[in-house]
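Let me begin by presenting the structure, written as structure tokens, before commenting on it.
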Amino acid sequence: MEIRTDLALEAREMIDEKRSEKMRDKDALPKGMFVKTRENNYILITDIEITSEEAAKKIGKKIGKYLTLEFKNPILDTLDNQENIAKSLSTELTAFISEFCNNSPVIMIAGLGNRNITADSLGPKVVDKVVVTRHVKNIENNDNLEIDARLGNLCAVAPGVMGVTGIETSEMIKGMISTVKPDILIVIDALASRKTSRVNTTIQISDTGIVPGSGVGNHRMELSQDVLGIPVIAIGVPTVVDAATLVRDILEISNNDNNLKLESENEIINMIVTPKNIDIAIERLSEVISSGINMAIHKGFEMKEINEYLI
């Protein structure tokens with residue numbers, strides 16, 4: 001059974017699961033893979049860096065850096081919790097941006113996904129809440145305008161999906177990049193997880209770009225530096241899980257003794273499911289991620305302060 005996941009953390013966990021009990025060693029990693037964890041009161045952070053083709057092949061991910069933030073309070077039901085996670089995201093995103101550019105970069109945000117499908121609407125909803133400033137920054141003879149010096153140079157787009165537009169997302173964004181000429185592209189997308197506990201409770205940041213739809217088997221052209229010519233930072237949240245994975249987990253938990261097997265696995269292998277509270281989760285997650293982006297790009301603002309620009 002194919003196990004679908006977009007999370008490097010879960011791909012790393014599967015390396016251990018594939019070993020026999022006698023051979024299993026949680027400290028044993030493929031050559032060229034480095035993992036470390038850290039935490040605060042609100043999140044557990046796992047850093048995974050892949051530096052060799054051997055490790056990339058083993059984990060099924062491209063060479064690069066992958067950072068995962070797992071919420072200790074998964075519901076995001078308090079402003080304090082949301083603000084602290086947003087600040088943590090801002091700190092980590094700032095570090096990713098500084099890898100490519102330190103001097104006030106022009107940044108484009110691309111919110112991927114279908115606005116009309118709740119589980120796939122994270123990207124467009126984040127775009128709705130980021131503070132765009134490029135149109136102001138680029139005004140000629142703007143000496144008479146009073147522009148807050150803390151504001152960065154940011155533009156944003158929600159390109160939709162090919163089933164609606166008839167255009168590959170990467171083609172559309174590539175055309176925009178040729179006109180806007182940003183220094184960095186940040187893409188936001190919904191992902192797939194192999195564990196229900198990580199659905200809507202985890203944020204992954206990577207510097208390797210993204211292949212839209214890969215987690216649900218709907219592969220599109222990738223958005224990466226190789227394709228677009230500029231650095232691409234991907235921010236994603238798993239909002240769905242494969243139904244076959246759910247059944248496998250249930251059988252492992254409840255049927256270890258009687259060795260039950262799936263007789264109709266093919267009937268569920270292509271089903272993707274999401275929690276019933278997905279609408280609330282997406283609203284809260286989009287608020288957290290957009291606030292994290294705003295604070296990372298517009299330096300010196302607090303979360304409530306920068307959000308006043310959206311009113």
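Ligands are numbered from 1 in the order shown, residues from 1 within each chain, and chains are lettered A, B, ... in the order they appear in the structure tokens.
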Could you please write out, as a ChimeraX atom specification, every residue of segment 32-155 of chain A that DSSP assigns to helix (DSSP H, G or I)? /A:53-59,79-100,118-120,122-129,134-137,142-144
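Counting only C-alpha atoms, Val126 of chain A has the following residues at most 10 Å away, ignoring those fewer than 6 positions along the same chain: A:Ile109, A:Ala110, A:Gly111, A:Leu112, A:Ala156, A:Ala158, A:Ile188, A:Asp189, A:Ile282, A:Glu283, A:Leu285, A:Ser286, A:Glu287, A:Val288, A:Ile289, A:Ser290, A:Ser291, A:Ile293.
Contact shell of Val199 of chain A at 7 Å (only C-alpha atoms; same-chain neighbours under 6 positions omitted): Ser193, Pro238, Thr239 and Val240 of chain A.
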Atom CA of Tyr66 of chain A to atom CA of Ile205 of chain A, distance in Å rounded to a single decimal: 5.8 Å
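Interatomic distance, atom CA of Gly236 of chain A against atom CA of Gly64 of chain A: 15.6 Å.
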Close residues, segment 57-61 of chain A itself excluded, 10 Å, only C-alpha atoms, min 2 positions apart in chain, as a ChimeraX atom specification: /A:6-15,29-31,33,50,52-55,63-66,208
For segment 76-81 of chain A, list every protein, DNA or RNA residue within 9 Å, evaluated using only C-alpha atoms, and leave out those in the same chain fewer than 5 positions away; present the list as a PDB file with C-alpha atoms, in the first residue's frame.
```pdb
ATOM      1  CA  TYR A  42       3.743  26.214  22.119  1.00  0.00           C
ATOM      2  CA  PHE A  71       1.428  22.571  17.717  1.00  0.00           C
ATOM      3  CA  ALA A  86       2.739  33.086  14.397  1.00  0.00           C
ATOM      4  CA  THR A 201      -1.775  20.870  13.555  1.00  0.00           C
ATOM      5  CA  ALA A 281      -9.220  25.073  11.240  1.00  0.00           C
ATOM      6  CA  ARG A 284      -7.378  29.904  12.179  1.00  0.00           C
ATOM      7  CA  LEU A 285      -4.426  28.495  10.255  1.00  0.00           C
ATOM      8  CA  VAL A 288      -1.565  32.310  11.925  1.00  0.00           C
TER       9      VAL A 288
END
```
Determine, counting only C-alpha atoms, which protein, DNA and RNA residues have an atom within 12 Å of an atom of segment 164-167 of chain A; residues of the same chain fewer than 2 positions away are not included. Present the result as a ChimeraX atom specification. /A:113-116,158-162,169-175,220-221
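Among A:Asn294, A:Ser90, A:Asn41, A:Thr5, the residue with the shortest atom-to-atom distance to Leu151 of chain A, counting only C-alpha atoms, is A:Asn294.
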Which neighbours of Thr196 of chain A fall inside 9 Å, counting only C-alpha atoms, when residues of the same chain fewer than 5 positions from it are skipped, and could you give them as a compact mmCIF listing (two decimals) with N, CA and C atoms, in the first residue's frame?
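Written out: around-v4.txt:
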```txt
# COMPACT_ATOMS: atom_id res chain seq x y z
N VAL A 240 -5.42 17.05 4.81
CA VAL A 240 -6.10 15.80 4.46
C VAL A 240 -5.21 14.62 4.80
N VAL A 241 -5.84 13.45 4.87
CA VAL A 241 -5.11 12.21 5.08
C VAL A 241 -5.72 11.15 4.17
N LEU A 246 -5.68 5.61 7.04
CA LEU A 246 -6.52 5.53 8.23
C LEU A 246 -6.91 4.09 8.54
N THR A 274 -10.84 14.54 5.33
CA THR A 274 -10.43 15.69 6.13
C THR A 274 -11.35 15.79 7.33
N PRO A 275 -10.92 16.40 8.43
CA PRO A 275 -11.77 16.47 9.63
C PRO A 275 -13.02 17.31 9.42
```
Residue list (strand (DSSP E or B), DSSP) for segment 12-213 of chain A, as a compact mmCIF listing (two decimals) with N, CA and C atoms, in the first residue's frame:
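Written file, part-v5.txt:
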```
# COMPACT_ATOMS: atom_id res chain seq x y z
N MET A 33 21.94 12.99 5.94
CA MET A 33 20.69 13.46 6.55
C MET A 33 20.95 13.83 8.00
N PHE A 34 20.52 15.03 8.37
CA PHE A 34 20.75 15.53 9.72
C PHE A 34 19.41 15.97 10.32
N VAL A 35 19.13 15.53 11.55
CA VAL A 35 17.87 15.82 12.20
C VAL A 35 18.14 16.34 13.61
N LYS A 36 17.46 17.42 13.96
CA LYS A 36 17.52 17.91 15.34
C LYS A 36 16.17 18.47 15.73
N THR A 37 15.88 18.46 17.02
CA THR A 37 14.60 18.96 17.52
C THR A 37 14.83 20.02 18.59
N ARG A 38 13.87 20.89 18.72
CA ARG A 38 13.86 21.92 19.75
C ARG A 38 12.40 22.26 20.02
N GLU A 39 12.14 22.96 21.11
CA GLU A 39 10.76 23.25 21.44
C GLU A 39 10.64 24.48 22.34
N ILE A 43 5.21 24.97 20.62
CA ILE A 43 5.46 24.11 19.47
C ILE A 43 6.69 23.23 19.68
N LEU A 44 6.70 22.11 18.96
CA LEU A 44 7.87 21.26 18.82
C LEU A 44 8.39 21.46 17.40
N ILE A 45 9.67 21.79 17.29
CA ILE A 45 10.27 22.09 15.99
C ILE A 45 11.27 20.99 15.63
N THR A 46 11.14 20.45 14.42
CA THR A 46 12.08 19.45 13.92
C THR A 46 12.75 20.00 12.66
N ASP A 47 14.08 20.06 12.69
CA ASP A 47 14.86 20.49 11.54
C ASP A 47 15.42 19.26 10.85
N ILE A 48 15.17 19.12 9.56
CA ILE A 48 15.75 18.05 8.77
C ILE A 48 16.51 18.68 7.61
N GLU A 49 17.78 18.32 7.48
CA GLU A 49 18.59 18.81 6.37
C GLU A 49 19.10 17.61 5.57
N ILE A 50 18.89 17.65 4.27
CA ILE A 50 19.33 16.58 3.37
C ILE A 50 20.43 17.16 2.49
N GLY A 64 17.88 19.63 0.52
CA GLY A 64 17.50 20.95 1.04
C GLY A 64 17.13 20.87 2.51
N LYS A 65 16.50 21.93 2.99
CA LYS A 65 16.13 22.04 4.39
C LYS A 65 14.61 21.96 4.55
N TYR A 66 14.19 21.21 5.57
CA TYR A 66 12.77 21.04 5.88
C TYR A 66 12.59 21.28 7.38
N LEU A 67 11.70 22.18 7.73
CA LEU A 67 11.45 22.49 9.13
C LEU A 67 9.97 22.27 9.42
N THR A 68 9.69 21.55 10.50
CA THR A 68 8.31 21.24 10.85
C THR A 68 7.98 21.81 12.22
N LEU A 69 6.87 22.54 12.30
CA LEU A 69 6.36 23.06 13.56
C LEU A 69 5.10 22.29 13.92
N GLU A 70 5.14 21.58 15.05
CA GLU A 70 3.98 20.82 15.51
C GLU A 70 3.39 21.52 16.73
N PHE A 71 2.07 21.82 16.66
CA PHE A 71 1.43 22.57 17.72
C PHE A 71 1.20 21.70 18.95
N VAL A 106 12.44 41.92 -2.62
CA VAL A 106 11.08 41.95 -3.15
C VAL A 106 10.54 40.52 -3.10
N ILE A 107 9.44 40.32 -2.41
CA ILE A 107 8.92 38.97 -2.19
C ILE A 107 7.53 38.83 -2.79
N MET A 108 7.34 37.74 -3.50
CA MET A 108 6.01 37.40 -4.04
C MET A 108 5.46 36.21 -3.26
N ILE A 109 4.20 36.32 -2.85
CA ILE A 109 3.49 35.22 -2.19
C ILE A 109 2.53 34.60 -3.20
N ALA A 110 2.54 33.30 -3.32
CA ALA A 110 1.59 32.60 -4.19
C ALA A 110 0.78 31.64 -3.33
N GLY A 111 -0.51 31.91 -3.22
CA GLY A 111 -1.40 31.05 -2.45
C GLY A 111 -2.04 30.02 -3.37
N ASN A 153 8.68 44.94 0.91
CA ASN A 153 8.16 45.00 -0.46
C ASN A 153 7.53 43.65 -0.79
N LEU A 154 6.21 43.61 -0.77
CA LEU A 154 5.50 42.34 -0.89
C LEU A 154 4.34 42.44 -1.87
N CYS A 155 4.23 41.44 -2.73
CA CYS A 155 3.05 41.30 -3.59
C CYS A 155 2.53 39.87 -3.43
N ALA A 156 1.29 39.65 -3.82
CA ALA A 156 0.68 38.34 -3.58
C ALA A 156 -0.32 38.01 -4.68
N VAL A 157 -0.47 36.71 -4.94
CA VAL A 157 -1.38 36.25 -5.97
C VAL A 157 -1.94 34.88 -5.58
N ILE A 184 12.46 36.54 -4.21
CA ILE A 184 12.08 35.27 -3.58
C ILE A 184 10.60 35.03 -3.80
N LEU A 185 10.24 33.77 -4.05
CA LEU A 185 8.84 33.37 -4.10
C LEU A 185 8.53 32.50 -2.88
N ILE A 186 7.44 32.83 -2.19
CA ILE A 186 6.96 32.00 -1.09
C ILE A 186 5.62 31.41 -1.51
N VAL A 187 5.53 30.09 -1.56
CA VAL A 187 4.29 29.43 -1.96
C VAL A 187 3.62 28.82 -0.73
N ILE A 188 2.30 28.96 -0.69
CA ILE A 188 1.50 28.40 0.41
C ILE A 188 0.58 27.35 -0.18
N ASP A 189 0.54 26.16 0.42
CA ASP A 189 -0.31 25.11 -0.14
C ASP A 189 -0.78 24.17 0.95
N ALA A 190 -1.90 23.52 0.69
CA ALA A 190 -2.38 22.44 1.55
C ALA A 190 -1.63 21.16 1.20
N LEU A 191 -1.31 20.37 2.23
CA LEU A 191 -0.53 19.15 2.04
C LEU A 191 -1.35 17.94 2.48
N ALA A 192 -0.74 16.77 2.33
CA ALA A 192 -1.33 15.52 2.82
C ALA A 192 -0.42 14.93 3.88
N SER A 193 -1.03 14.36 4.90
CA SER A 193 -0.28 13.70 5.97
C SER A 193 -0.63 12.22 6.02
N THR A 202 0.11 21.11 12.04
CA THR A 202 1.52 21.06 11.66
C THR A 202 1.77 22.03 10.51
N ILE A 203 2.89 22.74 10.58
CA ILE A 203 3.32 23.60 9.48
C ILE A 203 4.70 23.15 9.03
N GLN A 204 4.89 22.96 7.74
CA GLN A 204 6.21 22.63 7.20
C GLN A 204 6.72 23.79 6.34
N ILE A 205 7.98 24.13 6.55
CA ILE A 205 8.67 25.13 5.72
C ILE A 205 9.84 24.42 5.06
N SER A 206 10.04 24.66 3.77
CA SER A 206 11.18 24.07 3.08
C SER A 206 11.73 25.06 2.06
N ILE A 210 7.93 23.19 -4.31
CA ILE A 210 6.79 22.31 -4.07
C ILE A 210 6.26 21.79 -5.40
```
